[in-house]
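Colleague: This is the structure I have questions about; it appears just below.
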Amino acid sequence: MKLSGWGRTPVHDTRLVQPDDEAGLRAALADGPLIARGNGRAYGDSAVGRQTVDMRRFDRVLAFDPATGQLVAEAGILLGDIIAAFLPQGWFPAVTPGTKFVTLGGMIAADVHGKNHHRDGGMRATIDWIDVMDGAGQVQRCTPADNHDLFDRTVGGMGLTGIILRAAIRLRAVETGWIRQTTTPAANLAAAMDLLDAETSATYSVAWIDCLATGDAMGRSLVMTGEHAQRDELGRHPPLPRAKGKKSVPVDLPGVALNRYSVRAFNALYWQAGLRKQGTQLVDWDSYFYPLDAILGWNRIYGRKGFLQFQCVLPDATARAGMTALLQAISASGQGSFLAVLKRLGAEGTGVSFPQPGHTLALDFPATARAQALFDRLEAITLDHGGRFYLAKDARLSARILRAADPRMEPFAAQRRAGGEAGHFASMQSDRLQL
Amino acid sequence: MTTQPTVTPKGTVLLLGARSDVARATARRYAAAGYAIQLAARDPERLAAEKTDLELRYRVAVTLLPFDALDVAGHGAFVAALPVLPDVVVCAVGLLGKQAEDEQDIAAAITVMRSNFEGPASILGHLANAFAARRSGTLIGISSVAGDRGRATNYIYGSAKAGFTAYLSGLRNRMAGMGVHVITVSPGFIATRMTAGMDLPAKLTATPEEVAEAIFAAQEKRRNVIYVRPIWWLVMLIIRNIPEPVFKRLKI
Ligand SMILES: Cc1cc2nc3c(=O)[nH]c(=O)nc-3n(C[C@H](O)[C@H](O)[C@H](O)COP(=O)(O)OP(=O)(O)OC[C@H]3O[C@@H](n4cnc5c(N)ncnc54)[C@H](O)[C@@H]3O)c2cc1C
Ligand SMILES: NC(=O)c1ccc[n+]([C@@H]2O[C@H](COP(=O)([O-])OP(=O)(O)OC[C@H]3O[C@@H](n4cnc5c(N)ncnc54)[C@H](OP(=O)(O)O)[C@@H]3O)[C@@H](O)[C@H]2O)c1
């Protein structure tokens with residue numbers, strides 16, 4: 001059947017299998033190289049292989065320790081289901097990406113970062129252990145201390161070292177399901193980066209960039225910080241916000257629906273709304289962390305051709321010059337992004353995981369020929385500024401550019417070949433990037 | 001590790017064929033609403049992880065029960081031995097079989113027919129009598145649109161589902177004055193173990209969670225017959241109305 005990632009491009013033919021036990025996974029291994037797939041929220045071709053193993057049937061909670069917040073669960077469980085079960089018991093994920101429709105395995109394989117990376121680190125920091133099925137079908141328990149080579153290479157390893165079966169992670173204790181959010185407008189890029197750099201004590205921080213603003217206002221942003229609200233801050237609100245309704249995008253919108261005018265209108269409206277919301281307010285966890293999840297299937301607004309996301313991280317030394325150059329290139333191309341997000345990242349990850357101290361920028365574009373040309377520019381600028389790329393977002397990098405940006409990749413690939421992993425675990429992305 | 005249930009159950013739901021993907025999702029839906037859960041399946045020890053999962057997520061009590069739909073002689077004793085007579089029963093037992101092979105292997109065809117009709121009808125018959133005596137309860141049978149009209153590609157399974165659908169209809173009629181409600185669930189395609197590897201049309205294919213939600217809502221609203229997804233009602237209306245001389249030549 002045909003399968004893609006969240007960006008809906010590229011689309012590949014794959015044999016999709018949906019085992020529900022370890023014997024089924026071993027049978028798939030015997031059938032040739034495979035790649036594990038969580039909930040398909042990586043944008044490009046990371047979770048599509050010639051054989052793709054859907055992990056979502058492995059979705060059980062195996063243990064929970066209310067004394068420490070340690071959760072043991074199978075890799076296919078959805079983050080949203082973890083929240084649904086444990087927020088009422090006073091626990092929230094310690095690290096979360098911008099959608100709750102990801103699996104535990106997908107979060108580990110991409111070593112996802114949240115809005116608190118600058119302070120708390122990424123997914124890796126929340127993991128006590130993982131069980132990984134290797135190419136021989138053996139299950140290996142790994143921790144940051146024991147069997148740590150496999151641990152380091154699997155966390156952030158994009159499914160290329162084995163199948164993550166289950167994991168023990170730490171949740172964080174919270175008193176309520178509310179976030180105290182503070183919105184501060186920043187007049188331009190430098191002001192936004194100053195604010196993000198100054199807010200290192202905030203638990204969560206992120207900037208939304210109006211990437212259509214030009215000249216002196218280039219990079220004008222809404223900088224949003226957040227803290228888990230305590231019970232005594234809630235006033236008349238109940239500790240658990242009521243669940244909200246969902247809207248969905250039922251059909252593919254024609255590609256023209258998202259043109260520079262609608263993007264311009266969206267950005268203008270968002271900016272105005274942000275100015276009105278300046279200051280501090282209480283926001284429910286779902287709206288705060290997962291605003292896009294309220295519109296199921298929002299990837300369809302880009303139409304059938306799909307869309308591409310660009311995400312890089314630039315080290316502190318070059319971040320300001322680099323971000324300026326990236327925004328200038330986008331502005332010069334006349335292609336606005338519907339969503340442009342700037343975050344501060346903290347500690348360097350292990351293995352080939354994405355984060356490094358610096359700033360990360362993420363933007364979406366409809367997958368057109370012009371966008372491809374723009375991506376060539378953005379990649380070149382990233383290389384010039386010593387940045388690296390996030391594989392969970394990538395759909396089009398070349399093996400050459402990846403290696404030029406990230407010296408860890410070739411040793412990772414060489415170890416995969418030498419250890420035999422390359423013969424068992426392969427995605428369309430790893431083929432393209434010669435990993 | 002097991003946690004003690006901390007909520008007083010809103011009621012008890014019994015899932016027959018509890019290892020089915022639809023039953024698993026339905027168990028979660030009811031547990032989320034605060035029901036105590038009884039999981040009945042062949043080899044119930046294979047459901048140990050399921051039990052832990054439900055207990056940890058929803059803090060409800062979960063009981064595992066051995067149950068074989070084909071062991072009709074044991075069904076009376078099964079009902080008599082239930083630790084609690086449930087308020088709601090969902091029968092998800094089903095066996096698709098392999099149509100082409102079962103056409104030649106009639107014994108296998110009979111197993112398909114018994115698994116989809118005789119077994120489910122038998123256990124629901126015993127439960128209906130117990131519910132009638134108590135004068136309350138909801139019986140929910142998962143049948144299939146395959147039972148709406150026999151087709152060359154799945155009439156062995158379909159004919160048994162047709163029998164089951166008729167049985168549920170009659171049971172609903174009989175129980176109507178006795179405080180017992182009967183719901184027929186007719187799904188089209190569902191993405192489950194039963195259909196794994198088939199390339200099903202996305203718009204017509206429900207997830208197990210969708211079916212679970214539809215079952216739960218049907219019980220709350222005391223619906224009689226539901227199609228999931230609702231478009232299947234229209235699809236089957238058309239299929240049922242194709243004249244036989246035309247229908248017998250179609251390949252659908
Ligand atoms: C709206 C949106 C917002 C996002 N925001 C963020 C963000 O803020 N921060 C961030 O870091 N990411 C973000 N992402 C990216 C997303 O978190 C990652 O792509 C994540 O990996 C997706 O998880 P998944 O379960 O859908 O995995 P998939 O997309 O199915 O797979 C992703 C990778 O994980 C591997 N994998 C999945 N399961 C397993 C397993 N059991 N064993 C081994 N390998 C496995 C796959 O092989 C693949 O390489 C966002 C994505 C979207 C759509
Ligand atoms: N999937 C679809 O497209 C679809 C469409 C319409 C209707 N349905 C119906 O939906 C229901 C749920 O099916 P599903 O899709 O979830 O498939 P499934 O996972 O294959 O579930 C069927 C279940 O029936 C159980 N079963 C079969 N024979 C049994 C017996 N003799 N005793 C006890 N249990 C028995 C199986 O138990 P074991 O685990 O022990 O094998 C299995 O758990 C079935 O009635 C099916 O016919 C499915």
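Each chain in the structure tokens gets a letter, A, B and so on, in the order shown; residues start at 1 in every chain, and ligands are counted from 1 in the order they appear.
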Within 10 Å of chain A, which residues of chain B are there when counting only C-alpha atoms? Please give them as a list in words.

Modeller: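 Residues of chain B within 10 Å of chain A, counting only C-alpha atoms: Met1, Thr2, Thr3, Asp21, Ala32, Ala48, Ala49, Glu50, Lys51, Thr52, Asp53, Leu54, Glu55, Leu56, Arg57, Tyr58, Arg59, Thr192, Arg193, Ala196, Gly197, Met198, Asp199 and Leu200 of chain B.
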
Colleague: Using only C-alpha atoms and all ligand atoms, which protein or nucleic acid residues are at most 8 Å from ligand 1, as a ChimeraX atom specification?

Modeller: /A:5-6,35-43,45-48,54-55,75-76,78,96-99,101-115,132,154,157-166,290,292-293,392-393,427

Colleague: Using only C-alpha atoms, determine which residues lie at most 9 Å from region 108-120 of chain B, disregarding the query and same-chain residues fewer than 5 positions distant; provide the list as a PyMOL selection string.

Modeller: chain B and resi 16+68-72+75+91-99+101-103+125+141+143+156-165+167

Colleague: Atoms to include: N, CA and C atoms. Write the selected residues as an mmCIF file, in the first residue's frame.

Modeller:
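The result, written out as result-v2.cif:
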data_model
loop_
_atom_site.group_PDB
_atom_site.id
_atom_site.type_symbol
_atom_site.label_atom_id
_atom_site.label_comp_id
_atom_site.auth_asym_id
_atom_site.auth_seq_id
_atom_site.Cartn_x
_atom_site.Cartn_y
_atom_site.Cartn_z
ATOM 1 N N LEU B 16 -17.346 -10.295 25.709
ATOM 2 C CA LEU B 16 -17.162 -11.661 25.212
ATOM 3 C C LEU B 16 -16.306 -11.597 23.954
ATOM 4 N N ASP B 68 -15.342 -19.951 25.905
ATOM 5 C CA ASP B 68 -15.242 -20.403 24.514
ATOM 6 C C ASP B 68 -16.651 -20.394 23.918
ATOM 7 N N ALA B 69 -16.832 -19.595 22.891
ATOM 8 C CA ALA B 69 -18.168 -19.447 22.288
ATOM 9 C C ALA B 69 -18.672 -20.774 21.723
ATOM 10 N N LEU B 70 -17.739 -21.645 21.319
ATOM 11 C CA LEU B 70 -18.157 -22.913 20.716
ATOM 12 C C LEU B 70 -18.559 -23.952 21.757
ATOM 13 N N ASP B 71 -18.203 -23.742 23.007
ATOM 14 C CA ASP B 71 -18.547 -24.671 24.078
ATOM 15 C C ASP B 71 -19.958 -24.337 24.583
ATOM 16 N N VAL B 72 -20.931 -24.538 23.721
ATOM 17 C CA VAL B 72 -22.288 -24.091 24.068
ATOM 18 C C VAL B 72 -22.841 -24.843 25.287
ATOM 19 N N HIS B 75 -22.232 -22.872 28.480
ATOM 20 C CA HIS B 75 -22.634 -21.471 28.615
ATOM 21 C C HIS B 75 -23.536 -21.191 29.818
ATOM 22 N N CYS B 91 -20.891 -8.596 22.889
ATOM 23 C CA CYS B 91 -20.353 -9.804 22.272
ATOM 24 C C CYS B 91 -19.590 -9.435 21.010
ATOM 25 N N ALA B 92 -18.246 -9.571 21.076
ATOM 26 C CA ALA B 92 -17.387 -9.223 19.932
ATOM 27 C C ALA B 92 -16.829 -10.479 19.276
ATOM 28 N N VAL B 93 -17.338 -11.648 19.677
ATOM 29 C CA VAL B 93 -16.837 -12.898 19.101
ATOM 30 C C VAL B 93 -17.109 -12.901 17.604
ATOM 31 N N GLY B 94 -16.130 -13.327 16.846
ATOM 32 C CA GLY B 94 -16.326 -13.416 15.401
ATOM 33 C C GLY B 94 -15.172 -14.170 14.768
ATOM 34 N N LEU B 95 -15.441 -14.811 13.652
ATOM 35 C CA LEU B 95 -14.399 -15.539 12.924
ATOM 36 C C LEU B 95 -14.660 -15.335 11.442
ATOM 37 N N LEU B 96 -13.718 -14.683 10.768
ATOM 38 C CA LEU B 96 -13.921 -14.366 9.353
ATOM 39 C C LEU B 96 -13.753 -15.598 8.468
ATOM 40 N N GLY B 97 -12.811 -16.480 8.858
ATOM 41 C CA GLY B 97 -12.550 -17.645 8.021
ATOM 42 C C GLY B 97 -11.864 -17.262 6.723
ATOM 43 N N LYS B 98 -11.708 -18.265 5.840
ATOM 44 C CA LYS B 98 -11.106 -18.006 4.529
ATOM 45 C C LYS B 98 -12.083 -18.527 3.499
ATOM 46 N N GLN B 99 -12.876 -17.628 2.943
ATOM 47 C CA GLN B 99 -13.995 -18.012 2.095
ATOM 48 C C GLN B 99 -13.615 -19.084 1.058
ATOM 49 N N GLU B 101 -11.149 -21.186 0.742
ATOM 50 C CA GLU B 101 -10.796 -22.505 1.278
ATOM 51 C C GLU B 101 -12.002 -23.164 1.946
ATOM 52 N N ASP B 102 -12.790 -22.366 2.645
ATOM 53 C CA ASP B 102 -13.923 -22.933 3.385
ATOM 54 C C ASP B 102 -15.021 -23.452 2.446
ATOM 55 N N GLU B 103 -15.029 -22.965 1.196
ATOM 56 C CA GLU B 103 -15.992 -23.496 0.223
ATOM 57 C C GLU B 103 -15.713 -24.968 -0.032
ATOM 58 N N GLY B 125 -28.405 -15.852 24.665
ATOM 59 C CA GLY B 125 -29.671 -16.442 25.102
ATOM 60 C C GLY B 125 -29.675 -16.675 26.605
ATOM 61 N N GLY B 141 -24.806 -6.956 20.581
ATOM 62 C CA GLY B 141 -24.187 -7.957 19.700
ATOM 63 C C GLY B 141 -23.527 -7.268 18.521
ATOM 64 N N SER B 143 -22.662 -7.638 14.997
ATOM 65 C CA SER B 143 -22.896 -8.436 13.802
ATOM 66 C C SER B 143 -22.079 -7.815 12.675
ATOM 67 N N ILE B 156 -20.211 -17.340 3.673
ATOM 68 C CA ILE B 156 -20.209 -18.280 4.801
ATOM 69 C C ILE B 156 -20.273 -17.478 6.105
ATOM 70 N N TYR B 157 -19.334 -16.566 6.241
ATOM 71 C CA TYR B 157 -19.348 -15.620 7.361
ATOM 72 C C TYR B 157 -20.641 -14.803 7.343
ATOM 73 N N GLY B 158 -20.998 -14.296 6.148
ATOM 74 C CA GLY B 158 -22.151 -13.397 6.028
ATOM 75 C C GLY B 158 -23.457 -14.074 6.430
ATOM 76 N N SER B 159 -23.600 -15.332 6.065
ATOM 77 C CA SER B 159 -24.868 -16.007 6.383
ATOM 78 C C SER B 159 -25.019 -16.181 7.889
ATOM 79 N N ALA B 160 -23.904 -16.460 8.554
ATOM 80 C CA ALA B 160 -23.966 -16.600 10.014
ATOM 81 C C ALA B 160 -24.283 -15.251 10.658
ATOM 82 N N LYS B 161 -23.679 -14.175 10.135
ATOM 83 C CA LYS B 161 -23.977 -12.842 10.663
ATOM 84 C C LYS B 161 -25.450 -12.492 10.394
ATOM 85 N N ALA B 162 -25.968 -12.946 9.249
ATOM 86 C CA ALA B 162 -27.389 -12.705 8.948
ATOM 87 C C ALA B 162 -28.254 -13.377 10.013
ATOM 88 N N GLY B 163 -27.890 -14.603 10.357
ATOM 89 C CA GLY B 163 -28.623 -15.316 11.403
ATOM 90 C C GLY B 163 -28.531 -14.574 12.727
ATOM 91 N N PHE B 164 -27.346 -14.103 13.032
ATOM 92 C CA PHE B 164 -27.125 -13.409 14.303
ATOM 93 C C PHE B 164 -27.933 -12.106 14.337
ATOM 94 N N THR B 165 -27.941 -11.386 13.213
ATOM 95 C CA THR B 165 -28.709 -10.136 13.138
ATOM 96 C C THR B 165 -30.200 -10.421 13.384
ATOM 97 N N TYR B 167 -31.467 -12.946 14.952
ATOM 98 C CA TYR B 167 -31.606 -13.387 16.332
ATOM 99 C C TYR B 167 -31.687 -12.181 17.280
#

Colleague: So that I can see what lies close to Pro9 (chain B), please list as a list in words the residues with an atom at most 7 Å from it, counting only C-alpha atoms and leaving out residues fewer than 4 positions away in the same chain.

Modeller: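 Surrounding residues, per the criterion: Gly34, Tyr35 and Ala36 of chain B.
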
Colleague: For Glu199 (chain A), please output as a ChimeraX atom specification all residues within 12 Å (counting only C-alpha atoms; exclusion window: fewer than 2 positions along the same chain).

Modeller: /A:115-116,118-119,182,184,192-197,201-207,223-227,343-344

Colleague: Can you list, as an MDAnalysis selection string, every residue of region 23-247 of chain B that DSSP puts in alpha helix (DSSP H)?

Modeller: chainID B and resid 23:32 48:58 75:80 99:104 106:113 119:134 155:175 208:220 231:241 244:247

Colleague: Could you turn the residues from that selection into a file that holds C-alpha atoms, as a short mmCIF file (atom, residue, chain, number, x, y, z; two decimals), in the first residue's frame?

Modeller:
data_model
loop_
_atom_site.label_atom_id
_atom_site.label_comp_id
_atom_site.auth_asym_id
_atom_site.auth_seq_id
_atom_site.Cartn_x
_atom_site.Cartn_y
_atom_site.Cartn_z
CA ALA B 23 -13.51 -5.45 22.52
CA ARG B 24 -10.24 -4.00 23.84
CA ALA B 25 -11.21 -0.53 22.69
CA THR B 26 -14.72 -0.98 24.09
CA ALA B 27 -13.35 -2.10 27.45
CA ARG B 28 -11.29 1.07 27.61
CA ARG B 29 -14.27 3.22 26.73
CA TYR B 30 -16.39 1.70 29.49
CA ALA B 31 -13.53 1.74 31.99
CA ALA B 32 -12.99 5.42 31.25
CA ALA B 48 -3.14 -10.28 31.96
CA ALA B 49 -1.46 -7.22 30.42
CA GLU B 50 -4.87 -5.92 29.36
CA LYS B 51 -6.14 -6.22 32.91
CA THR B 52 -3.15 -4.34 34.34
CA ASP B 53 -3.51 -1.67 31.67
CA LEU B 54 -7.17 -1.04 32.49
CA GLU B 55 -6.56 -1.03 36.23
CA LEU B 56 -3.67 1.41 36.02
CA ARG B 57 -5.30 3.76 33.57
CA TYR B 58 -8.80 3.92 34.94
CA HIS B 75 -22.63 -21.47 28.62
CA GLY B 76 -25.29 -21.95 31.29
CA ALA B 77 -22.62 -22.72 33.88
CA PHE B 78 -20.55 -19.75 32.67
CA VAL B 79 -23.43 -17.37 33.36
CA ALA B 80 -24.28 -18.99 36.68
CA GLN B 99 -14.00 -18.01 2.09
CA ALA B 100 -12.27 -19.70 -0.85
CA GLU B 101 -10.80 -22.51 1.28
CA ASP B 102 -13.92 -22.93 3.39
CA GLU B 103 -15.99 -23.50 0.22
CA GLN B 104 -14.05 -26.74 -0.22
CA ILE B 106 -17.15 -27.68 4.70
CA ALA B 107 -16.10 -28.61 8.24
CA ALA B 108 -14.14 -25.37 8.41
CA ALA B 109 -17.15 -23.50 7.01
CA ILE B 110 -19.28 -24.92 9.78
CA THR B 111 -16.82 -23.66 12.40
CA VAL B 112 -17.14 -20.18 10.89
CA MET B 113 -20.92 -20.42 11.01
CA GLY B 119 -21.99 -19.56 19.87
CA PRO B 120 -22.92 -15.87 20.22
CA ALA B 121 -26.65 -16.68 20.08
CA SER B 122 -26.24 -19.33 22.76
CA ILE B 123 -24.40 -17.17 25.27
CA LEU B 124 -26.65 -14.17 24.69
CA GLY B 125 -29.67 -16.44 25.10
CA HIS B 126 -28.49 -17.50 28.57
CA LEU B 127 -27.65 -13.92 29.53
CA ALA B 128 -31.00 -12.67 28.21
CA ASN B 129 -32.83 -15.09 30.47
CA ALA B 130 -30.80 -13.97 33.48
CA PHE B 131 -31.39 -10.30 32.58
CA ALA B 132 -35.11 -10.93 32.08
CA ALA B 133 -35.31 -12.46 35.56
CA ARG B 134 -33.59 -9.39 36.98
CA TYR B 155 -21.33 -15.67 2.28
CA ILE B 156 -20.21 -18.28 4.80
CA TYR B 157 -19.35 -15.62 7.36
CA GLY B 158 -22.15 -13.40 6.03
CA SER B 159 -24.87 -16.01 6.38
CA ALA B 160 -23.97 -16.60 10.01
CA LYS B 161 -23.98 -12.84 10.66
CA ALA B 162 -27.39 -12.70 8.95
CA GLY B 163 -28.62 -15.32 11.40
CA PHE B 164 -27.12 -13.41 14.30
CA THR B 165 -28.71 -10.14 13.14
CA ALA B 166 -32.14 -11.81 12.92
CA TYR B 167 -31.61 -13.39 16.33
CA LEU B 168 -30.76 -10.02 17.92
CA SER B 169 -33.81 -8.46 16.27
CA GLY B 170 -36.09 -11.15 17.66
CA LEU B 171 -34.48 -11.00 21.08
CA ARG B 172 -34.99 -7.22 21.18
CA ASN B 173 -38.64 -7.77 20.31
CA ARG B 174 -39.07 -10.40 23.04
CA MET B 175 -37.23 -8.39 25.73
CA PRO B 208 -11.74 0.12 16.84
CA GLU B 209 -11.95 3.29 18.98
CA GLU B 210 -14.66 4.67 16.71
CA VAL B 211 -16.67 1.47 17.03
CA ALA B 212 -16.19 1.55 20.81
CA GLU B 213 -17.44 5.13 20.98
CA ALA B 214 -20.43 4.25 18.79
CA ILE B 215 -21.29 1.29 21.02
CA PHE B 216 -21.05 3.39 24.16
CA ALA B 217 -23.16 6.18 22.67
CA ALA B 218 -25.74 3.68 21.36
CA GLN B 219 -26.18 2.33 24.86
CA GLU B 220 -26.53 5.78 26.43
CA ILE B 231 -22.58 5.77 5.54
CA TRP B 232 -22.80 1.95 5.60
CA TRP B 233 -26.51 2.21 6.19
CA LEU B 234 -26.85 3.87 2.79
CA VAL B 235 -24.37 1.55 1.10
CA MET B 236 -26.27 -1.50 2.34
CA LEU B 237 -29.64 0.02 1.44
CA ILE B 238 -28.43 0.21 -2.14
CA ILE B 239 -26.86 -3.25 -2.08
CA ARG B 240 -30.02 -4.81 -0.63
CA ASN B 241 -32.14 -3.24 -3.36
CA GLU B 244 -31.38 -10.48 -7.81
CA PRO B 245 -30.96 -11.11 -11.57
CA VAL B 246 -28.50 -8.24 -11.66
CA PHE B 247 -26.95 -8.91 -8.26
#

Colleague: Kindly give the distance, in Å, that separates CA of Asp21 (chain A) and CA of Val72 (chain A), rounded to a single decimal.

Modeller: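 Going from CA of Asp21 (chain A) over to CA of Val72 (chain A) covers 17.0 Å.
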
Colleague: Using only C-alpha atoms and all ligand atoms, which of B:Asn224, B:Thr207, B:Ser144, B:Thr8 sits nearest ligand 2?

Modeller: B:Ser144

Colleague: Mind giving me the straight-line distance from CA of Ala243 (chain A) to CA of Gly177 (chain A) in Å, one decimal?

Modeller: 10.9 Å

Colleague: Can you work out which one of B:Pro201, B:Ala206, B:Leu64, B:Arg151 has the shortest atom-to-atom distance to ligand 2, counting only C-alpha atoms and all ligand atoms?

Modeller: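 Answer, going by the shortest atom-to-atom distance: B:Ala206.
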
Colleague: How many Å lie between CA of Val139 (chain A) and CA of Val53 (chain A), rounded to one decimal?

Modeller: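 These atoms are spaced 16.6 Å apart.
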
Colleague: Compare B:Val228, B:Ile190, B:Ile252, B:Ala33 by their minimum atom-to-atom distance to ligand 2, counting only C-alpha atoms and all ligand atoms, and give me the closest one.

Modeller: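 Ranked by minimum distance to ligand 2, first place goes to B:Ile190.
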